[in-house]
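**Student:** I'd like to ask some things about the structure below.
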Amino acid sequence: MIKPAPRGTDPETIRAEILEKLAYSVGKDPAVAKRHDWLNATILALRDRIIDRWMESTKRAYQAKSKRVYYLSLEFLVGRLLRDAMSNLQLTAAFTEALAGLNVDIDLVEALEPDAALGNGGLGRLAACFMESMASLDIPAYGYGIRYNHGLFRQKITDGWQVELPENWLEHGNPWEFPRREAAYEIGFGGQVVPGIDQNNRHQRRWKPAEKLIASACDTPMVGWRGRRVNTLRLWTARAPDPIRLDAFNSGDYAAALSESNKAEIITRVLYPADSTPAGQELRLRQEYFFTSASLQDIIRRHMQQYDDIRLLADKVAIQLNDTHPAVAVAELMRILVDHHGLDWEQAWEITRAAIGYTNHTLLPEALESWPVHLFEHVLPRHMQIIYGINAKLIADAQKSNFSSDDFLASVSLIDEHNGRRVRMGQLAFVGAHSINGVSALHTELMQQSVFRDLNKLYPGRINNKTNGITPRRWLLEANPQLTALLNDAVGANVMDDATVLTKAARFASDAAFQQRFAAIKRHNKDELANLISARMGLKVDPAAMFDVQVKRIHEYKRQLLNILETIALYNAIRAHPERPWAPRVKIFAGKAAASYAQAKLIIKLVNDVAQVVNNDPDIRDLLKVVFIPNYNVSLAEVIVPAADLSEQISTAGMEASGTGNMKFALNGALTIGTLDGANVEMLEHVGSDNIFIFGLTAAEVDERRRIGVDVVALLDAVPELRIVLDQLGSGVFSPGDANRYRPIVDSITHGDWFMVASDFNAYAAAQRAVDGLWRRTQDWTEKSILNTVNMGWFSSDRTIREYARDIWTVPTP
Ligand SMILES: *Cc1c(COP(=O)(O)O)cnc(C)c1O
C-alpha cells in the first residue's frame, strides 16, 4: 500500500499548508481573505491530515477482518468540529501559532464554524460522544443518520417569547463532508406485495413499491483521541431517481416537472424538533425507514463485498439502534435476508437478533413510538406482513409460556389493540434484539418494571444497563483547557487517555494552594461567560456571584418551573429581609422548547418576565439576577458548563432516563442540586453524599402519589411561600396588564400537580438554603467542587463504550 509521507507538525509547515489551501482551494489571496476564508483554508489543511489516518483506519479494519459496529441514530448533535479534530490530533498549539503568524486569531475563526445541530438534545449528543469514544478506543464503527438541510431551529427571544428561525448550517458549504456517489441505494415506499418464485423455485414475496427514491451518502470523518483511529459518520440525503421530468417541463408544467424531486427531497429537509415526544407524522415514518433501509443496504453491501456469505453477518456486524427511531430495522433486515438473500425465516430471525441491539431512552408512555397500522401498511406493506409474522411467533411463545393470560398477550404484542390498532416500535425493537439496554441504573430498573415488564418475563436476560457518559475530550479538555492542565499536572498523566485516573487528584482537594488555582480557573471561566452575557444581552452580571445554572431542553418533567418559582420566592424573601446574609446568585437558564409545546414556551416567557422584574429592582442590587441566554446549543454549552458553580438537575424522579448535562457540569466542578433521578443516583454514589445536594421525592414516592392523587389544597397550606408565588402569577405581578398569561402554569400545579412541583417545593427550597450556607464557606465549597471533578472520571463515554463493546457488540477494546 502506498503510504503518504508523514507531515511535519511544526507551525511553519502548517502555515504553508493553510496558505496553499487558501490559494488553490478557496481561491483567495491572504491580503483580501476574510475570516471565513481562513476558516475554510484551516479546515481543509487539517482535513488532509485526517484523511491520511482515515484511509489507514478503514484499511486496517478490512485487513484484520474486524467486526464493525454500526450506530443507527436519527440524531447526531455534533457541534463544531474544528477544535475537536485539531485537539484530538494534538495540533491545537501548532495551528494556533501558524495562524497567529498570519495575523489571524484562531478563536475568531473557529467561532464562524456552524454548530452542526442534527439533533434535539441529550439523545443526539450521546450519539456524538459515542462516535468520538469509539474512534478513541479504536473500534471500527460507522454512525448512520440523516443529513438534514436544516438542523434544530435557531431560537430568538422576542419580548420574552421564543421565536423559531430556520437553521442553515449548509448555507456556505460544508468542508468536512465527502459526497459518496458510489454509495447510493433505492428506497421504496407504498405499493404492493406480490407472490413470486425465486431461483430455487421456492415461494417468495416481492415488494413492488409505488414510489422509489435514492439515498446517497455524505461522509464526515470522526477523529479519535490522539488520532488513533478515524471513523465515518455517514449521513443520507434523499433525491428523486429523475431530477426533472422533461416531458412535463417541455409542455410548460414546471411544477409537475419538479414535483418528484421536491417530494423526495422533503424527506431529508428538516430535523423534527420534538424532544421526548414522538412526532407522529407520516413524514417522520418515512424519514425513519429511509435512513434505516439505506444504512442496512450499505452494511450488507460492505459485508458481502468482503465475505460473500450472508450467514456470517452477525459475526462481522453489530447494529445498535439509538432508541426506536430505527426500530423498523428489525423488519427491514428480515425482508432483505428472506426476500433478497433467500434465507428461511428461522435462519433470518437468528441472524437479525444476533446482529441487533436496542437502546431505550424513555419510559414516558406518551413518548413511546407507535404507528397506526393502516399508515404503516400504506407506507411499508411488506414490513407490515413481516411484523405480523414476527408477532405470530411471539404470541405463540407467550401462549406456550407460564404467562398466557389475555392481559399478558395484549401487553407483549407488537400490535396495540387499544388505541385504534398501532404498531409498537419499542416491542418490535425488543423482540428483534439480543440486547436491550437502559441508560442509567435507575432507568434500567424502571424499564424492567414498566414498559418491558412482560417481555422481560417472556424473554429474560436480554435487558442490561449501560449508564451514559460524556467524552472528556470535548467536555473537559476543549471546554476547559486550564482545568485540564491543572489536573494533568496533579495526576502526572494525561487524563484524556483514562479519565478514571482523576481520582488520584483527590488528595489535593484540601490543599490550599491547589484550591486557589482551581478557584482561579473557575473564576476565569465565569469572567468569560459574564462577557458573553454582556455582549449578547447587554446585561452585567457579577462573576463573583454564584452561577446557578439550568440549561437543557425546556420540558415540564425537567422542571425549569420549579426553579423559576423558587427564584420568585427567593426574590420575595430578599425583598422582605434584605439584611439577611444572602448568597448573591445569578440564575442562568437556556434551552429550546419544541415549537408545538405551548406550556414549555410559556415557561420561557415566565423566566424572561421574572428577569425583567428582578433585574430592574434597585432594592435587590447584585443579590439576584435572572438570565435566559438564547439559542442553547453545543457551542454555548461549551462556554456555560465550565463557568457553573451550581448545576440544576431537578427532574421529577423517574422521568429523566439518564441525563448527560449533569455529568458535564460535575466534571467541570459544579456542585449538583438534584433529585434521585437518572444518572444523578450514580453520581451521588461516585462523588459522595457530602458533595451533592439531593432533595425531593423518590421515583417510587412519585409513583405512589400519582396513584393516590395529590391534595393540592392541603399541600399549598403547607407551602405558603409557593402559594404567594402562585397568587403573584395569577394577579399579573410578572405580566402587568395580562393577569391571565400564567393561568395555564398555575393550573398545572393546582390541577393535580403531575410533575410534583408543589410536592417537592419545600425540599427544593431547603436544599437551596443549604447551598447558600456552603457558598459562604468558600474553601469548603471549593473542596467539594474539586471532589466532584476528580470523582467524575467514571462517567467518561469511554467507559460506557467499553461496556457496550464487551457486553453487547463483542468487539475488542485496548
Ligand atoms: C449535553 C447536552 C444536552 C443534554 O442535557 P441534559 O441536561 O442531559 O438534558 C442537551 N443539549 C446540548 C446542547 C447538550 O450539550
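Residues are referred to by chain and number: the chain letter is A, B, ... according to the order shown in the C-alpha cells, the number counts from 1 in that chain, and ligands are numbered separately from 1 in the order shown.
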Report as a PyMOL selection string all protein, DNA and RNA residues lying within 8 Å of Arg47 (chain A), evaluated on only C-alpha atoms, omitting residues in the same chain fewer than 4 positions from it.
**Tutor:** chain A and resi 43+51+176
**Student:** Those same residues - N, CA, C and O atoms - I'd like them written as a PDB file, in the first residue's frame.
**Tutor:**
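Once everything was written out, this is selection-v2.pdb:
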ATOM      1  N   ILE A  43      -9.632  24.413   7.917  1.00  0.00           N
ATOM      2  CA  ILE A  43     -10.275  23.096   7.970  1.00  0.00           C
ATOM      3  C   ILE A  43      -9.704  22.197   6.876  1.00  0.00           C
ATOM      4  O   ILE A  43      -9.402  21.020   7.107  1.00  0.00           O
ATOM      5  N   ILE A  51      -7.504  12.720   6.637  1.00  0.00           N
ATOM      6  CA  ILE A  51      -7.751  11.732   5.581  1.00  0.00           C
ATOM      7  C   ILE A  51      -6.683  10.649   5.588  1.00  0.00           C
ATOM      8  O   ILE A  51      -6.980   9.457   5.444  1.00  0.00           O
ATOM      9  N   TRP A 176     -16.277  19.706   5.748  1.00  0.00           N
ATOM     10  CA  TRP A 176     -15.997  18.430   6.417  1.00  0.00           C
ATOM     11  C   TRP A 176     -16.532  17.225   5.659  1.00  0.00           C
ATOM     12  O   TRP A 176     -16.163  16.093   5.944  1.00  0.00           O
TER      13      TRP A 176
END
**Student:** For the strand (DSSP E or B) assignment from backbone DSSP, which residues of region 577-765 of chain A qualify? Please present them as a list in words.
**Tutor:**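 The strand (DSSP E or B) subset of region 577-765 of chain A is Arg585, Val586, Lys587, Ile588, Phe589, Ala590, Leu624, Lys625, Val626, Val627, Phe628, Leu646, Ser647, Glu648, Gln649, Leu671, Thr672, Ile673, Gly674, Phe693 and Ile694 of chain A.
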**Student:** Counting only C-alpha atoms, what is within 12 Å of Tyr597 (chain A), bar same-chain residues fewer than 5 positions away, as a ChimeraX atom specification?
**Tutor:** /A:162,273-277,279,553-556,592,602-604
**Student:** Excluding Gly688 (chain A) and residues on its chain fewer than 4 positions from it, collect all residues at most 9 Å away from it, counting only C-alpha atoms, and give them as a ChimeraX atom specification.
**Tutor:** /A:683-684,692,787-788,791
**Student:** Identify, on the basis of only C-alpha atoms, every residue whose closest approach to region 8-20 of chain A does not exceed 9 Å; exclude the query and any residue fewer than 5 positions from it along the same chain; express the result as a PDB file with N, CA, C and O atoms, in the first residue's frame.
**Tutor:**
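Below is the file out_25.pdb, written as the result:
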ATOM      1  N   SER A  25      -7.597  26.166  -3.026  1.00  0.00           N
ATOM      2  CA  SER A  25      -8.912  25.571  -2.802  1.00  0.00           C
ATOM      3  C   SER A  25      -9.967  26.644  -2.544  1.00  0.00           C
ATOM      4  O   SER A  25     -11.096  26.532  -2.988  1.00  0.00           O
ATOM      5  N   ASP A  29      -6.347  35.463  -1.979  1.00  0.00           N
ATOM      6  CA  ASP A  29      -5.034  35.971  -1.617  1.00  0.00           C
ATOM      7  C   ASP A  29      -5.092  36.345  -0.138  1.00  0.00           C
ATOM      8  O   ASP A  29      -6.112  36.873   0.319  1.00  0.00           O
ATOM      9  N   PRO A  30      -4.026  36.067   0.622  1.00  0.00           N
ATOM     10  CA  PRO A  30      -4.060  36.398   2.061  1.00  0.00           C
ATOM     11  C   PRO A  30      -4.423  37.861   2.326  1.00  0.00           C
ATOM     12  O   PRO A  30      -5.066  38.169   3.327  1.00  0.00           O
ATOM     13  N   TRP A  38     -10.334  32.056   5.896  1.00  0.00           N
ATOM     14  CA  TRP A  38      -9.313  31.414   6.745  1.00  0.00           C
ATOM     15  C   TRP A  38      -9.875  30.159   7.411  1.00  0.00           C
ATOM     16  O   TRP A  38      -9.187  29.143   7.549  1.00  0.00           O
ATOM     17  N   ALA A  41      -9.812  27.440   4.778  1.00  0.00           N
ATOM     18  CA  ALA A  41      -8.436  27.010   4.495  1.00  0.00           C
ATOM     19  C   ALA A  41      -7.880  26.186   5.653  1.00  0.00           C
ATOM     20  O   ALA A  41      -7.203  25.174   5.448  1.00  0.00           O
ATOM     21  N   THR A  42      -8.205  26.598   6.876  1.00  0.00           N
ATOM     22  CA  THR A  42      -7.713  25.882   8.056  1.00  0.00           C
ATOM     23  C   THR A  42      -8.316  24.484   8.131  1.00  0.00           C
ATOM     24  O   THR A  42      -7.612  23.493   8.355  1.00  0.00           O
ATOM     25  N   ILE A  43      -9.632  24.413   7.917  1.00  0.00           N
ATOM     26  CA  ILE A  43     -10.275  23.096   7.970  1.00  0.00           C
ATOM     27  C   ILE A  43      -9.704  22.197   6.876  1.00  0.00           C
ATOM     28  O   ILE A  43      -9.402  21.020   7.107  1.00  0.00           O
ATOM     29  N   LEU A  44      -9.518  22.744   5.678  1.00  0.00           N
ATOM     30  CA  LEU A  44      -9.015  21.911   4.576  1.00  0.00           C
ATOM     31  C   LEU A  44      -7.594  21.412   4.853  1.00  0.00           C
ATOM     32  O   LEU A  44      -7.260  20.268   4.536  1.00  0.00           O
ATOM     33  N   ALA A  45      -6.790  22.267   5.479  1.00  0.00           N
ATOM     34  CA  ALA A  45      -5.423  21.834   5.805  1.00  0.00           C
ATOM     35  C   ALA A  45      -5.450  20.722   6.851  1.00  0.00           C
ATOM     36  O   ALA A  45      -4.741  19.718   6.735  1.00  0.00           O
ATOM     37  N   LEU A  46      -6.290  20.903   7.837  1.00  0.00           N
ATOM     38  CA  LEU A  46      -6.397  19.880   8.881  1.00  0.00           C
ATOM     39  C   LEU A  46      -6.977  18.588   8.291  1.00  0.00           C
ATOM     40  O   LEU A  46      -6.564  17.477   8.635  1.00  0.00           O
ATOM     41  N   LEU A  91      -2.844  19.024  17.590  1.00  0.00           N
ATOM     42  CA  LEU A  91      -2.308  20.056  16.706  1.00  0.00           C
ATOM     43  C   LEU A  91      -2.818  21.458  17.067  1.00  0.00           C
ATOM     44  O   LEU A  91      -2.596  22.398  16.308  1.00  0.00           O
ATOM     45  N   ALA A  93      -1.924  23.700  19.361  1.00  0.00           N
ATOM     46  CA  ALA A  93      -0.898  24.740  19.562  1.00  0.00           C
ATOM     47  C   ALA A  93      -0.262  25.111  18.223  1.00  0.00           C
ATOM     48  O   ALA A  93      -0.082  26.295  17.916  1.00  0.00           O
ATOM     49  N   ALA A  94       0.047  24.097  17.414  1.00  0.00           N
ATOM     50  CA  ALA A  94       0.712  24.372  16.145  1.00  0.00           C
ATOM     51  C   ALA A  94      -0.192  25.169  15.200  1.00  0.00           C
ATOM     52  O   ALA A  94       0.262  26.114  14.554  1.00  0.00           O
ATOM     53  N   PHE A  95      -1.463  24.816  15.131  1.00  0.00           N
ATOM     54  CA  PHE A  95      -2.388  25.564  14.261  1.00  0.00           C
ATOM     55  C   PHE A  95      -2.593  26.991  14.780  1.00  0.00           C
ATOM     56  O   PHE A  95      -2.674  27.934  13.992  1.00  0.00           O
ATOM     57  N   THR A  96      -2.676  27.123  16.104  1.00  0.00           N
ATOM     58  CA  THR A  96      -2.859  28.458  16.683  1.00  0.00           C
ATOM     59  C   THR A  96      -1.684  29.363  16.303  1.00  0.00           C
ATOM     60  O   THR A  96      -1.867  30.497  15.860  1.00  0.00           O
ATOM     61  N   GLU A  97      -0.489  28.805  16.444  1.00  0.00           N
ATOM     62  CA  GLU A  97       0.702  29.588  16.127  1.00  0.00           C
ATOM     63  C   GLU A  97       0.807  29.853  14.623  1.00  0.00           C
ATOM     64  O   GLU A  97       1.157  30.958  14.203  1.00  0.00           O
ATOM     65  N   ALA A  98       0.477  28.838  13.849  1.00  0.00           N
ATOM     66  CA  ALA A  98       0.535  29.011  12.394  1.00  0.00           C
ATOM     67  C   ALA A  98      -0.357  30.175  11.959  1.00  0.00           C
ATOM     68  O   ALA A  98       0.040  31.028  11.170  1.00  0.00           O
ATOM     69  N   LEU A  99      -1.560  30.233  12.508  1.00  0.00           N
ATOM     70  CA  LEU A  99      -2.487  31.306  12.122  1.00  0.00           C
ATOM     71  C   LEU A  99      -2.062  32.641  12.714  1.00  0.00           C
ATOM     72  O   LEU A  99      -2.166  33.683  12.053  1.00  0.00           O
ATOM     73  N   GLY A 101       0.849  33.689  13.119  1.00  0.00           N
ATOM     74  CA  GLY A 101       1.896  34.213  12.245  1.00  0.00           C
ATOM     75  C   GLY A 101       1.339  34.870  10.991  1.00  0.00           C
ATOM     76  O   GLY A 101       2.028  35.600  10.287  1.00  0.00           O
ATOM     77  N   LEU A 102       0.077  34.606  10.702  1.00  0.00           N
ATOM     78  CA  LEU A 102      -0.589  35.244   9.556  1.00  0.00           C
ATOM     79  C   LEU A 102      -1.523  36.352  10.029  1.00  0.00           C
ATOM     80  O   LEU A 102      -2.392  36.810   9.281  1.00  0.00           O
TER      81      LEU A 102
END
**Student:** Got a sec to tell me which of region 396-552 of chain A DSSP assigns to alpha helix (DSSP H), as a PyMOL selection string?
**Tutor:** chain A and resi 396-400+406-412+425-431+441-449+453-458+472+481-491+512-537
